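To start, the structure itself, in structure tokens.
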Amino acid sequence: MNQKEMRTVYAETLIELAHEDPRIMVLEADLMRAHGTQIFKDVFPRRTVGVGVAEANLVGVSAGLSVAGKIPFAATFATFASRRAFDQFFISANYAGLNVKLVGTDPGVSAAFNGGTHMPFEDIGLMRMIPDLVIVEPADPTSLKEIIRLCAAHQGNTYLRLHRKALPQIYQAGERFELGKGKLLHDGGDVTLVASGGLLVNEALKARELLKSRGISAAVIDMHTIKPLDEQLILEYAEKTGAIVTAENHQVAGGLGAAVSLVLSTRHPIPMEMVGIHDRFGQVGTQDWLMQHYKLTANEIVQKAFLAIERKN
Amino acid sequence: MLAPAEHARLTEFAKEIRKKTLYTIGNLGVGHIGGALSIAEVLALLYGKVMRIDPNNPQWEDRDFFILSKGHAGPALYATLALKGYFPLSELDTLNRGGTNLPSHCDHLRTKGIDVTTGSLGQGLSVGCGVAYSLLHDGKQQYVYVVIGDGESQEGQIWEAAMFAAHYKLRNMIVFTDYNKLQLDGKIDDVMSLGDLAEKWRSFGWDTRQVDGHDLNAIHEAVINAQNQQTRPAMIILDTIKGKGAAFCEGLESNHNMSFSMETAKQAIAELG
């Protein structure tokens, strides 16, 4: 499959948007080279605001730009966007009801060689605690492009969890998305795999094939919006398949797993399993090694699917 | 120098701000009285003379912006806004009551005339930087006025913003430090000294002045000088007295957030004349 670096899609989409809308601005905290936004600066030098290594100020300045009517896209590693600048994002942007587009890059094991200090397994959990915030994690270049546009058009704060590196195309160009509406990638009858983010959506797709070879029919949902969660789609597939497995590159406590289980436990209890990080810190390694180490794999999804299906009766 | 009549008018305005602040907090029985009373003169000067604002149109596109980064002094700003007609004076009675539009800390979603939500110390200056950057970018002539606290200046984010404003030459930013030398736990110099504050701001690249924060002429002159230099952000350090103007709390170390009765407030109001 055709692969394109997600950061290139990020920068190119913002350039397109900035041509259309003079309010779009890009902010960086000394990660412009990492995020590939130099090409944005080349076209819009004064609409590119570097703040240096100062994430609290990154978010504060973004809030100020929003007060003045701009639409700021501010990016930094997800560890810093969430943990380090949490109160700034919480108060200056969200409590204040502004319109800041915060971007957290290198989610989970994709931080790889930067290791545990830079490996966010908790950013979604923190962000989910912010009322009204929209949280998205696009799984491929096409959905990233569309979802950036949806974030820009949304009047309110958003948190975009951005995988910088290349990811396989899942969607055809022109596919339409809606914030808060998950994408059913494959229908199925025995179990539903609900995944978020490029790495785990692709593992879920592989898991579906493995399950198919063993006579199990699995539905696959790309839950690109973690908040607001598409409860309707979850309940529909809970009813239809009677078993759900979530898969995410994040702590299950606080992440997609917790979000889905909140819906199921209160509205439609069925057997459920979660693939993701189970109360662990990150560490260095290649992305592939880390995925094996933390069991973020198609095989793990298959195992969990069998466990959930077994408990149906 | 302010003309004598104008000086008298602004002196009266500052006195009214103090009276309404005392009334508002006294009516509730507890609040951040010290750091509210110490900024009465700068508020009177900004809202009484300097700022381009329209109380009938708080969102006026061409207005100057004001950010009370030390958001806990909200009651002084509410008194100022009510006296300017942004909302009825009677609303001051609702401070911190359930459902009020006047919470302890400034909230732009609730209060007419509040440009920026503050309360988590250190954040308002960064937000001011963003507003100022946007205005300069768009070729607008407005100013962004910010008041920060001296205790607040212990926050690291203040100095991130200080570097930012100097780096981008935000000449449309005029920031005041309410240097009343006290913070919640006591004297600044006992809790965490700020060292040579003026020198710090100068070394960060700001056009820096230090004046008597209760002298309207001195503050006015500093603002005019800050506006006339067209190259850098400006810091005006206001030497102030925490609790200024109310004998029961003036200079008192414990006046950051204190209880006092309406009777005490009324006496202080009477003493102001």
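Chain labels follow the order of the structure tokens: the first chain is A, the next B, and so on; residue numbering restarts at 1 in every chain, and ligands are counted from 1 in their shown order.
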
Report task. Identify every residue of chain B that has at least one atom within 8 Å of any atom of chain A, counting only C-alpha atoms, and report the result as a VMD selection string. Result -> chain B and resid 107 to 109 115 to 118 120 123 to 124 126 to 135 137 157 160 to 161 164

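Neighbouring residues of segment 140-148 of chain B at 6 Å or closer, counting only C-alpha atoms and skipping chain neighbours under 2 positions away, are Asp64, Phe65, Phe66, Ile67, Leu68, Ser69, Lys70, Leu135, Leu136, Asp138, Asn172, Met173, Ile174, Val175, Phe176 and Thr177 of chain B.
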
Report task. From a DSSP pass on the backbone, collect the residues of segment 48-134 of chain B flagged as strand (DSSP E or B) and hand them back as number ranges by chain. Result -> B: 65-68

Query raised in the report: Hey, what's within 9 Å of Ala198 of chain B if we count only C-alpha atoms and toss same-chain stuff fewer than 2 positions away? As a list in words, please?
Result: Gly195, Asp196, Lys200, Trp201, Arg202, Ser203, Thr208, Arg209, Gln210, Met235, Ile236 and Ile237 of chain B
